[in-house]
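Worksheet: one structure, shown below.
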Amino acid sequence: MDTILRKISHSKNPKRNALPVRERVHESLRSAVLSGRFNPGERLTEEYLAEQFGVSRTPVREALHKLESEGLIKALETRGFVVSRGSKDEVEELFELRAILEGYALGIICEKASEGLFERLSGMIEKADEALKKGRIDEVFKWNTQFHDTLHGLVTEKRRFHRLLVTMRKYVLMYRKDTLGNPDGAREAVEGHKKIVMALRLRDRELCERVMRDHIQQAKQGALQSLFGTRLEVEGASRKAGLEVGGT
């Protein structure tokens, strides 16, 4: 953990290093929590974090209270904080919101998607497929992330919407990594991406929105199963539309 903290507290990005110390500490801690570097239930203390970041306890204290207000950590009755694990309702809410945002985004993208985009996305899917066959689940997660990052990069001109989209996805990834940590969840993600590309090629905005929402709903099922042992049945729009690409 010490190495991780030193790594994230000293960015190679000059703009980030120009930020006030309190903002850099908050950003680094927030990134660590959202990316799963800290486990749910793990205790965070001012003394330890200040020592690892090489700063005073004041910016660490401010960062911790800010993370608490964002719902990412919870204060203990004794000293310190613990990383939160959302309730079932909170996790469902996050995925429902993401489904709406991602669906809307894909609807925008389908109207300007190029053959070059299809080739890039298909290349990522192929690499994820290869990684899946070799049992390299971490690589599947990497290509899954890059797939969505590529799509998000096509709506940056809608700045407010793009910020919402990226922020929501960061929260969801706290739980999504657990889902993709098993072969079934990883396989569902890869197959879902194949359907997304097929829908984009059809250039049907309504279908694209529904297929993406299905994909996120499938991810929600996996997260609920992984975290709470609960799985909901969802009838997919992609199945209704005949976008079958193999065992999902």
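Ligands are numbered from 1 in the order shown, residues from 1 within each chain, and chains are lettered A, B, ... in the order they appear in the structure tokens.
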Can you tell me, as a compact mmCIF listing (two decimals) with C-alpha atoms, in the first residue's frame, which residues in range 24-138 of chain A count as alpha helix (DSSP H) by DSSP?
```
# COMPACT_ATOMS: atom_id res chain seq x y z
CA ARG A 24 -3.88 16.86 -4.98
CA VAL A 25 -4.37 14.80 -1.82
CA HIS A 26 -8.15 14.73 -2.34
CA GLU A 27 -7.80 13.78 -6.00
CA SER A 28 -5.26 11.04 -5.24
CA LEU A 29 -7.30 9.55 -2.40
CA ARG A 30 -10.50 9.72 -4.43
CA SER A 31 -8.80 7.98 -7.34
CA ALA A 32 -7.47 5.28 -5.03
CA VAL A 33 -10.90 4.59 -3.54
CA LEU A 34 -12.73 4.60 -6.89
CA GLU A 46 -4.87 10.82 9.02
CA GLU A 47 -1.52 9.87 10.51
CA TYR A 48 -0.82 7.03 8.10
CA LEU A 49 -1.97 8.87 4.97
CA ALA A 50 -0.10 12.07 5.88
CA GLU A 51 3.10 10.07 6.35
CA GLN A 52 2.70 8.29 3.01
CA PHE A 53 1.90 11.47 1.08
CA ARG A 57 -2.37 16.08 8.50
CA THR A 58 -4.46 19.18 7.62
CA PRO A 59 -4.87 18.53 3.84
CA VAL A 60 -5.43 14.84 4.57
CA ARG A 61 -8.15 15.68 7.11
CA GLU A 62 -9.84 18.01 4.58
CA ALA A 63 -9.67 15.34 1.89
CA LEU A 64 -11.14 12.67 4.15
CA HIS A 65 -14.08 14.85 5.15
CA LYS A 66 -14.70 15.71 1.50
CA LEU A 67 -14.70 12.01 0.57
CA GLU A 68 -17.14 11.41 3.42
CA SER A 69 -19.50 14.06 2.00
CA LYS A 88 -27.90 -2.83 -2.65
CA ASP A 89 -30.21 0.12 -3.33
CA GLU A 90 -27.26 2.47 -3.83
CA VAL A 91 -25.54 0.09 -6.25
CA GLU A 92 -28.76 -0.37 -8.24
CA GLU A 93 -29.23 3.39 -8.38
CA LEU A 94 -25.72 3.94 -9.74
CA PHE A 95 -26.18 1.41 -12.51
CA GLU A 96 -29.63 2.73 -13.41
CA LEU A 97 -28.24 6.25 -13.76
CA ARG A 98 -25.29 4.99 -15.78
CA ALA A 99 -27.63 3.06 -18.10
CA ILE A 100 -29.52 6.27 -18.90
CA LEU A 101 -26.35 8.31 -19.49
CA GLU A 102 -24.53 5.66 -21.52
CA GLY A 103 -27.62 4.93 -23.61
CA TYR A 104 -28.04 8.59 -24.47
CA ALA A 105 -24.33 8.84 -25.32
CA LEU A 106 -24.44 5.90 -27.74
CA GLY A 107 -27.47 7.42 -29.43
CA ILE A 108 -25.40 10.54 -30.12
CA ILE A 109 -22.41 8.52 -31.27
CA CYS A 110 -24.34 6.35 -33.74
CA GLU A 115 -15.76 2.85 -40.24
CA GLY A 116 -12.55 3.76 -38.43
CA LEU A 117 -14.41 3.72 -35.12
CA PHE A 118 -15.89 0.30 -35.88
CA GLU A 119 -12.41 -1.04 -36.63
CA ARG A 120 -10.96 0.38 -33.41
CA LEU A 121 -13.77 -0.98 -31.25
CA SER A 122 -13.66 -4.37 -32.98
CA GLY A 123 -9.91 -4.52 -32.39
CA MET A 124 -10.43 -3.97 -28.66
CA ILE A 125 -13.10 -6.68 -28.61
CA GLU A 126 -10.75 -9.13 -30.35
CA LYS A 127 -8.00 -8.44 -27.81
CA ALA A 128 -10.44 -8.86 -24.93
CA ASP A 129 -11.63 -12.12 -26.49
CA GLU A 130 -8.06 -13.40 -26.74
CA ALA A 131 -7.36 -12.43 -23.14
CA LEU A 132 -10.55 -14.18 -22.02
CA LYS A 133 -9.54 -17.41 -23.78
CA ILE A 137 -9.20 -11.43 -16.68
CA ASP A 138 -7.24 -8.28 -15.78
```
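Residue neighbourhood of range 213-219 of chain A, excluding near-sequence residues (fewer than 2 positions): Ala99, Gly103, Gly192, Arg210, Val211, Gln221, Gly222 and Gly236 of chain A, at 6 Å, using only C-alpha atoms.
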Best match for closeness to Val172 in chain A among A:Leu151, A:Leu76, A:Ala223, A:Met198, counting only C-alpha atoms: A:Ala223
Near-Thr145 in chain A list (12 Å; only C-alpha atoms; drop same-chain fewer than 2 positions) as a ChimeraX atom specification: /A:35,121,124-125,128,138-143,147-152,166,169-170,172-173,176-177,180,186,189-190,193
Distance in Å - CA of Gly71 in chain A versus CA of Arg37 in chain A: 16.7 Å
Polymer residues at most 10 Å from Lys112 in chain A, only C-alpha atoms, same-chain spacing of 6 or more positions, as a ChimeraX atom specification: /A:154,200,203
Can you pull out every residue within 9 Å of Arg43 in chain A, counting only C-alpha atoms, but drop anything in the same chain fewer than 3 positions away, and send it as a compact mmCIF listing (two decimals) with N, CA and C atoms, in the first residue's frame?
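Result file follows (selection_9.txt):
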```txt
# COMPACT_ATOMS: atom_id res chain seq x y z
N PHE A 38 -8.06 0.76 -2.38
CA PHE A 38 -8.45 0.52 -1.00
C PHE A 38 -9.66 -0.40 -1.01
N ASN A 39 -9.66 -1.39 -0.18
CA ASN A 39 -10.77 -2.34 -0.13
C ASN A 39 -11.92 -1.81 0.73
N PRO A 40 -13.17 -2.14 0.38
CA PRO A 40 -14.30 -1.75 1.23
C PRO A 40 -14.08 -2.25 2.66
N LEU A 76 -15.70 6.58 11.48
CA LEU A 76 -15.86 5.60 12.55
C LEU A 76 -16.22 6.31 13.85
N GLY A 80 -10.77 7.92 12.79
CA GLY A 80 -10.52 7.39 11.46
C GLY A 80 -11.77 7.19 10.62
N PHE A 81 -11.56 6.64 9.43
CA PHE A 81 -12.63 6.41 8.47
C PHE A 81 -12.47 5.01 7.88
N VAL A 82 -13.52 4.51 7.25
CA VAL A 82 -13.44 3.26 6.51
C VAL A 82 -14.02 3.49 5.12
N VAL A 83 -13.49 2.74 4.15
CA VAL A 83 -14.01 2.81 2.78
C VAL A 83 -15.41 2.21 2.75
```
Gap from CA of Leu207 in chain A to CA of Ala113 in chain A - Å, one decimal: 14.4 Å
